[in-house]
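Just entry34.cif here, mmCIF, C-alpha atoms:
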data_protein
loop_
_atom_site.group_PDB
_atom_site.id
_atom_site.type_symbol
_atom_site.label_atom_id
_atom_site.label_comp_id
_atom_site.auth_asym_id
_atom_site.auth_seq_id
_atom_site.Cartn_x
_atom_site.Cartn_y
_atom_site.Cartn_z
ATOM 1 C CA MET E 8 -0.747 -10.529 2.314
ATOM 2 C CA PHE E 9 0.820 -12.292 -0.680
ATOM 3 C CA GLN E 10 4.244 -11.078 0.468
ATOM 4 C CA PHE E 11 3.588 -12.557 3.919
ATOM 5 C CA CYS E 12 2.982 -15.937 2.286
ATOM 6 C CA ARG E 13 6.031 -15.681 0.041
ATOM 7 C CA SER E 14 8.200 -14.861 3.069
ATOM 8 C CA ASP E 15 7.319 -18.250 4.642
ATOM 9 C CA LEU E 16 6.157 -16.472 7.804
ATOM 10 C CA VAL E 17 2.680 -17.914 7.256
ATOM 11 C CA ASP E 18 1.000 -20.634 5.198
ATOM 12 C CA GLY E 19 -1.973 -18.493 4.227
ATOM 13 C CA ALA E 20 -3.342 -14.993 4.708
ATOM 14 C CA VAL E 21 -6.744 -13.296 4.736
ATOM 15 C CA MET E 22 -7.352 -9.601 4.142
ATOM 16 C CA VAL E 23 -10.581 -7.892 5.184
ATOM 17 C CA THR E 24 -11.033 -5.246 2.528
ATOM 18 C CA ALA E 25 -13.357 -3.157 0.430
ATOM 19 C CA SER E 26 -10.678 -2.639 -2.213
ATOM 20 C CA HIS E 27 -11.985 0.193 -4.428
ATOM 21 C CA LEU E 28 -15.615 -0.783 -3.831
ATOM 22 C CA SER E 29 -18.242 0.829 -1.622
ATOM 23 C CA GLN E 30 -18.720 -0.007 2.057
ATOM 24 C CA ASP E 31 -21.522 -2.501 1.419
ATOM 25 C CA ARG E 32 -19.136 -4.593 -0.708
ATOM 26 C CA ASN E 33 -16.574 -5.175 2.047
ATOM 27 C CA GLY E 34 -15.284 -8.723 1.917
ATOM 28 C CA LEU E 35 -12.330 -11.093 2.256
ATOM 29 C CA LYS E 36 -9.328 -11.818 0.049
ATOM 30 C CA PHE E 37 -7.449 -15.100 0.508
ATOM 31 C CA PHE E 38 -3.803 -15.703 -0.356
ATOM 32 C CA THR E 39 -1.264 -18.528 -0.384
ATOM 33 C CA LYS E 40 2.310 -18.694 -1.656
ATOM 34 C CA SER E 41 0.839 -19.411 -5.105
ATOM 35 C CA GLY E 42 -1.169 -16.176 -5.166
ATOM 36 C CA GLY E 43 -4.770 -15.159 -4.571
ATOM 37 C CA LEU E 44 -7.581 -17.709 -4.441
ATOM 38 C CA THR E 45 -9.922 -17.872 -7.424
ATOM 39 C CA ASN E 46 -13.727 -17.960 -7.226
ATOM 40 C CA ARG E 47 -13.670 -21.747 -7.520
ATOM 41 C CA ASP E 48 -10.985 -21.988 -4.828
ATOM 42 C CA ILE E 49 -13.226 -19.991 -2.491
ATOM 43 C CA GLU E 50 -16.230 -22.185 -3.275
ATOM 44 C CA ILE E 51 -14.208 -25.284 -2.346
ATOM 45 C CA LEU E 52 -12.914 -23.542 0.811
ATOM 46 C CA ALA E 53 -16.456 -22.605 1.845
ATOM 47 C CA GLU E 54 -17.706 -26.163 1.267
ATOM 48 C CA LYS E 55 -14.876 -27.670 3.348
ATOM 49 C CA THR E 56 -15.345 -25.051 6.076
ATOM 50 C CA CYS E 57 -19.055 -25.838 6.377
ATOM 51 C CA SER E 58 -18.280 -29.550 6.530
ATOM 52 C CA LEU E 59 -15.677 -29.072 9.279
ATOM 53 C CA ALA E 60 -17.955 -26.726 11.225
ATOM 54 C CA ARG E 61 -20.728 -29.330 11.218
ATOM 55 C CA GLU E 62 -18.245 -32.032 12.259
ATOM 56 C CA TRP E 63 -16.847 -29.938 15.151
ATOM 57 C CA HIS E 64 -20.362 -29.009 16.247
ATOM 58 C CA ASP E 65 -21.444 -32.638 16.338
ATOM 59 C CA MET E 66 -18.307 -33.540 18.327
ATOM 60 C CA GLY E 67 -18.762 -30.653 20.747
ATOM 61 C CA VAL E 68 -15.332 -29.292 19.827
ATOM 62 C CA ALA E 69 -14.709 -25.580 19.238
ATOM 63 C CA PRO E 70 -11.646 -24.158 17.415
ATOM 64 C CA PRO E 71 -8.976 -22.638 19.712
ATOM 65 C CA ALA E 72 -9.445 -18.953 20.471
ATOM 66 C CA SER E 73 -7.153 -16.443 22.119
ATOM 67 C CA ARG E 74 -9.978 -13.995 22.853
ATOM 68 C CA LYS E 75 -13.631 -14.275 23.743
ATOM 69 C CA ASP E 76 -14.789 -13.148 20.303
ATOM 70 C CA GLY E 77 -12.169 -14.717 18.038
ATOM 71 C CA VAL E 78 -8.623 -15.812 17.307
ATOM 72 C CA TYR E 79 -5.928 -13.151 17.252
ATOM 73 C CA CYS E 80 -2.501 -13.971 15.806
ATOM 74 C CA SER E 81 -0.818 -10.543 15.735
ATOM 75 C CA SER E 82 1.788 -11.627 18.276
ATOM 76 C CA TRP E 83 2.812 -14.516 15.984
ATOM 77 C CA VAL E 84 3.735 -12.517 12.914
ATOM 78 C CA ILE E 85 6.068 -9.643 12.104
ATOM 79 C CA ILE E 86 4.063 -6.844 10.539
ATOM 80 C CA TRP E 87 5.591 -6.149 7.122
ATOM 81 C CA PRO E 88 9.281 -7.092 7.345
ATOM 82 C CA HIS E 89 10.408 -3.945 5.481
ATOM 83 C CA THR E 90 9.547 -1.897 8.575
ATOM 84 C CA ASN E 91 12.231 -3.715 10.564
ATOM 85 C CA PRO E 92 15.604 -1.925 10.670
ATOM 86 C CA SER E 93 17.493 -5.072 9.612
ATOM 87 C CA SER E 94 15.595 -5.313 6.323
ATOM 88 C CA ARG E 95 15.382 -1.624 5.392
ATOM 89 C CA VAL E 96 18.726 -1.614 3.572
ATOM 90 C CA PRO E 97 17.732 -4.228 0.951
ATOM 91 C CA PHE E 98 14.365 -2.474 0.603
ATOM 92 C CA VAL E 99 16.017 0.899 -0.041
ATOM 93 C CA ALA E 100 18.649 -0.648 -2.303
ATOM 94 C CA LYS E 101 16.011 -2.405 -4.424
ATOM 95 C CA SER E 102 14.026 0.838 -4.670
ATOM 96 C CA ASN E 103 17.099 2.704 -5.984
ATOM 97 C CA LEU E 104 16.515 5.444 -3.409
ATOM 98 C CA LEU E 105 20.256 5.381 -2.782
ATOM 99 C CA PRO E 106 21.829 3.532 -5.736
ATOM 100 C CA CYS E 107 25.239 3.332 -4.013
ATOM 101 C CA LEU E 108 23.826 1.074 -1.273
ATOM 102 C CA SER E 109 24.488 -2.619 -1.096
ATOM 103 C CA GLU E 110 22.534 -4.991 1.122
ATOM 104 C CA SER E 111 25.472 -5.088 3.551
ATOM 105 C CA THR E 112 25.441 -1.314 4.049
ATOM 106 C CA SER E 113 24.271 0.108 7.359
ATOM 107 C CA LEU E 114 21.269 2.404 6.960
ATOM 108 C CA GLU E 115 21.918 4.160 10.258
ATOM 109 C CA GLY E 116 22.146 7.880 9.551
ATOM 110 C CA LEU E 117 21.189 7.414 5.880
ATOM 111 C CA LEU E 118 17.800 8.963 5.196
ATOM 112 C CA PRO E 119 17.121 9.027 1.446
ATOM 113 C CA LEU E 120 13.857 10.955 1.867
ATOM 114 C CA ALA E 121 15.246 13.539 4.290
ATOM 115 C CA GLU E 122 14.051 17.131 3.698
ATOM 116 C CA LEU E 123 11.087 15.902 1.672
ATOM 117 C CA ARG E 124 7.601 16.789 2.883
ATOM 118 C CA MET E 125 5.205 14.036 1.825
ATOM 119 C CA VAL E 126 1.465 13.622 2.277
ATOM 120 C CA LEU E 127 0.119 10.069 2.424
ATOM 121 C CA ASN E 128 -3.622 9.665 2.013
ATOM 122 C CA ALA E 129 -4.193 6.041 3.030
ATOM 123 C CA GLY E 130 -7.937 6.304 2.453
ATOM 124 C CA ASN E 131 -8.700 4.764 5.865
ATOM 125 C CA GLY E 132 -7.378 1.491 4.482
ATOM 126 C CA SER E 133 -4.740 -1.144 5.140
ATOM 127 C CA GLY E 134 -1.829 0.850 3.671
ATOM 128 C CA TYR E 135 -1.609 3.219 6.649
ATOM 129 C CA PHE E 136 1.665 1.593 7.763
ATOM 130 C CA PHE E 137 3.447 3.057 4.725
ATOM 131 C CA ASN E 138 3.391 6.334 6.637
ATOM 132 C CA ASP E 139 5.791 4.819 9.177
ATOM 133 C CA ILE E 140 8.015 3.501 6.369
ATOM 134 C CA LEU E 141 8.227 6.951 4.761
ATOM 135 C CA HIS E 142 8.969 8.494 8.147
ATOM 136 C CA GLY E 143 11.667 5.906 8.813
ATOM 137 C CA LEU E 144 13.323 6.856 5.508
ATOM 138 C CA GLY E 145 13.488 10.493 6.611
ATOM 139 C CA ALA E 146 10.362 12.074 5.095
ATOM 140 C CA ASP E 147 8.230 14.617 6.938
ATOM 141 C CA VAL E 148 4.814 12.915 6.985
ATOM 142 C CA SER E 149 3.217 15.043 9.692
ATOM 143 C CA ASN E 150 0.474 16.190 7.312
ATOM 144 C CA SER E 151 -0.647 12.724 6.159
ATOM 145 C CA ILE E 152 -4.371 12.011 6.342
ATOM 146 C CA HIS E 153 -6.843 9.129 6.762
ATOM 147 C CA LEU E 154 -4.432 6.727 8.466
ATOM 148 C CA THR E 155 -7.040 4.895 10.573
ATOM 149 C CA PRO E 156 -8.568 1.837 8.851
ATOM 150 C CA ASP E 157 -12.365 1.973 9.139
ATOM 151 C CA GLY E 158 -13.724 0.108 6.113
ATOM 152 C CA ILE E 159 -15.106 3.221 4.422
ATOM 153 C CA PHE E 160 -13.259 4.204 1.263
ATOM 154 C CA PRO E 161 -13.783 7.755 -0.082
ATOM 155 C CA GLU E 162 -14.766 8.492 -3.649
ATOM 156 C CA TYR E 163 -11.752 8.691 -5.970
ATOM 157 C CA SER E 164 -12.527 12.214 -7.157
ATOM 158 C CA ALA E 165 -12.876 13.459 -3.595
ATOM 159 C CA MET E 166 -9.646 11.704 -2.615
ATOM 160 C CA VAL E 167 -7.677 13.448 -5.354
ATOM 161 C CA ASP E 168 -9.088 16.871 -4.486
ATOM 162 C CA GLU E 169 -8.548 16.382 -0.759
ATOM 163 C CA THR E 170 -4.950 15.259 -1.260
ATOM 164 C CA LYS E 171 -4.258 18.237 -3.536
ATOM 165 C CA ILE E 172 -5.647 20.662 -0.946
ATOM 166 C CA THR E 173 -3.605 19.051 1.829
ATOM 167 C CA CYS E 174 -0.455 19.288 -0.291
ATOM 168 C CA GLU E 175 -1.182 22.946 -1.032
ATOM 169 C CA ASN E 176 -1.730 23.755 2.641
ATOM 170 C CA CYS E 177 1.643 22.332 3.702
ATOM 171 C CA SER E 178 3.643 22.962 0.468
ATOM 172 C CA ALA E 179 4.350 19.246 0.113
ATOM 173 C CA ASP E 180 6.896 17.831 -2.301
ATOM 174 C CA HIS E 181 4.778 14.767 -3.076
ATOM 175 C CA GLY E 182 1.327 13.424 -2.347
ATOM 176 C CA ILE E 183 0.591 9.692 -2.368
ATOM 177 C CA MET E 184 -2.898 8.158 -2.458
ATOM 178 C CA LEU E 185 -3.642 4.525 -1.687
ATOM 179 C CA GLU E 186 -6.838 2.621 -2.222
ATOM 180 C CA THR E 187 -8.206 0.535 0.628
ATOM 181 C CA ASP E 188 -6.041 -2.566 0.184
ATOM 182 C CA ALA E 189 -3.053 -0.540 -1.050
ATOM 183 C CA ASP E 190 -2.432 -2.531 -4.230
ATOM 184 C CA ARG E 191 -2.932 0.590 -6.338
ATOM 185 C CA CYS E 192 -1.772 4.131 -5.774
ATOM 186 C CA GLY E 193 -1.865 7.593 -7.267
ATOM 187 C CA PHE E 194 0.433 10.580 -6.975
ATOM 188 C CA ILE E 195 0.015 14.329 -6.582
ATOM 189 C CA LEU E 196 2.914 16.537 -7.630
ATOM 190 C CA PRO E 197 3.560 20.287 -7.618
ATOM 191 C CA ARG E 198 3.242 22.091 -10.921
ATOM 192 C CA GLY E 199 6.036 24.627 -11.121
ATOM 193 C CA ARG E 200 8.589 25.694 -8.518
ATOM 194 C CA GLU E 201 7.952 27.163 -5.102
ATOM 195 C CA ASP E 202 9.993 30.262 -5.944
ATOM 196 C CA GLU E 203 8.033 31.283 -9.038
ATOM 197 C CA GLY E 204 6.135 33.940 -7.109
ATOM 198 C CA ASP E 205 2.654 32.963 -8.273
ATOM 199 C CA GLY E 206 1.093 33.023 -4.819
ATOM 200 C CA GLY E 207 1.797 29.412 -3.887
ATOM 201 C CA ARG E 208 2.436 26.042 -5.459
ATOM 202 C CA ARG E 209 -0.242 24.440 -7.598
ATOM 203 C CA TYR E 210 -0.694 20.692 -7.586
ATOM 204 C CA GLU E 211 -1.997 18.154 -10.062
ATOM 205 C CA ALA E 212 -2.412 14.404 -10.347
ATOM 206 C CA LEU E 213 0.379 12.453 -12.013
ATOM 207 C CA ASN E 214 -1.683 10.808 -14.742
ATOM 208 C CA ARG E 215 -2.136 10.476 -18.496
ATOM 209 C CA ASN E 216 0.784 11.970 -20.464
ATOM 210 C CA ARG E 217 2.594 13.014 -17.283
ATOM 211 C CA LEU E 218 2.606 9.438 -15.982
ATOM 212 C CA ILE E 219 3.621 8.064 -19.382
ATOM 213 C CA ALA E 220 6.494 10.561 -19.546
ATOM 214 C CA LEU E 221 7.716 9.429 -16.120
ATOM 215 C CA LEU E 222 7.567 5.762 -17.156
ATOM 216 C CA ALA E 223 9.473 6.633 -20.335
ATOM 217 C CA VAL E 224 12.280 8.196 -18.301
ATOM 218 C CA MET E 225 12.434 5.161 -16.018
ATOM 219 C CA PHE E 226 12.547 2.631 -18.864
ATOM 220 C CA GLN E 227 14.958 4.740 -20.910
ATOM 221 C CA SER E 228 17.614 4.305 -18.231
ATOM 222 C CA CYS E 229 17.569 0.500 -18.580
ATOM 223 C CA SER E 230 16.467 0.229 -22.235
ATOM 224 C CA PRO E 231 17.966 3.145 -24.191
ATOM 225 C CA GLY E 232 16.125 3.897 -27.409
ATOM 226 C CA CYS E 233 12.950 2.081 -26.390
ATOM 227 C CA THR E 234 9.678 3.195 -27.997
ATOM 228 C CA PHE E 235 6.441 4.127 -26.201
ATOM 229 C CA VAL E 236 3.057 3.972 -27.908
ATOM 230 C CA THR E 237 0.139 5.780 -26.269
ATOM 231 C CA ASP E 238 -3.351 6.933 -27.184
ATOM 232 C CA ARG E 239 -3.301 9.790 -24.688
#
Can you present the structure in this file as structure tokens?
Amino acid sequence: MFQFCRSDLVDGAVMVTASHLSQDRNGLKFFTKSGGLTNRDIEILAEKTCSLAREWHDMGVAPPASRKDGVYCSSWVIIWPHTNPSSRVPFVAKSNLLPCLSESTSLEGLLPLAELRMVLNAGNGSGYFFNDILHGLGADVSNSIHLTPDGIFPEYSAMVDETKITCENCSADHGIMLETDADRCGFILPRGREDEGDGGRRYEALNRNRLIALLAVMFQSCSPGCTFVTDR
């Protein structure tokens, strides 16, 4: 939602989300170009909304609606500009999926994730559309799970185990887990090679020292000789 605001497609955005909380804590997140609204911002917004609602009620005026039960604006916005073919090249270039790309390069026929089998567990949340992005970049995402938003977020421990099992069942190269509003993610990776003859690939979460080691490799490429301090 913040990216929508930064793109100048909209002046403000609202996300209906449970984030990492339980179903009974579902709520709203508000964003502008300046970022997310604070608690005080929301208090002021609620006060002004109540005042306007009373004013409109007294005047006999109702806000415009495109449906019987509310206002729908889906036809007025482009859902996540990175899913559009014209903006995939800069997205891929920025992600270093194909370092040789420039923003003027045509992405037609270039599939940086081709031959990779990936499992996305969107947790029945708002990040389900990333499955289409991965597919558009060439990945096999036919085994992805929980792509229908329903407001019920599974327990983290169960999500990890379920993603690991799904990866094992389809011999995936990577597993990706998203929380409900998709601002945090986790990864499942195979432990060992597929040809080691141990009866199948084993999978584990990319966390603790494994995650720190990956970050060290990434930062080493741009800051040679940098030092990492960890308590893991």
Requested in this report: Can you turn the PyMOL selection byres ((chain E and resi 138) around 9) into a concrete residue list for this file, as a VMD selection string?
Outcome: chain E and resid 126 to 127 129 134 to 137 139 to 143 148 151 154
Requested in this report: Compile the contact shell of stretch 214-227 of chain E as a list in words: residues with an atom at most 10 Å away, counting all atoms listed in the file, same-chain residues fewer than 6 positions apart removed.
Outcome: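 Contacts, in chain order: Gly193, Phe194, Ile195, Cys233, Thr234, Phe235, Val236, Thr237, Asp238 and Arg239 of chain E.
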Query raised in the report: What is the distance between atom CA of E:Gly42 and atom CA of E:Thr56, in Å to one decimal?
Result: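 Atom CA of E:Thr56 lies 20.2 Å from atom CA of E:Gly42.
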Requested in this report: For atom CA of E:Lys36 and atom CA of E:Ile152, determine how far apart the two atoms are, in Å to one decimal place.
Outcome: 25.1 Å
Report task. Go ahead and find all residues with at least one atom no further than 7 Å from (-0.5, 19.9, -9.5) in the file's coordinates, using all atoms listed in the file; report them as a list in words. Result ->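 Output of the proximity query reads Ile195, Leu196, Pro197, Arg198, Arg209, Tyr210, Glu211 and Ala212 of chain E.
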**Report entry** atom CA of E:Ile49 to atom CA of E:Thr155, distance in Å rounded to a single decimal
**Finding:** 28.8 Å
Requested in this report: Could you list the residues chosen by the PyMOL selection byres ((chain E and resi 185) around 8) in this structure as a VMD selection string?
Outcome: chain E and resid 127 to 130 132 134 183 to 184 186 to 193
Query raised in the report: Pick the closest to E:Gly145 from E:Asp157, E:Asp18, E:Leu120, E:Asn131: which is it, counting only C-alpha atoms?
Result: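 Using only C-alpha atoms, the shortest distance to E:Gly145 belongs to E:Leu120.
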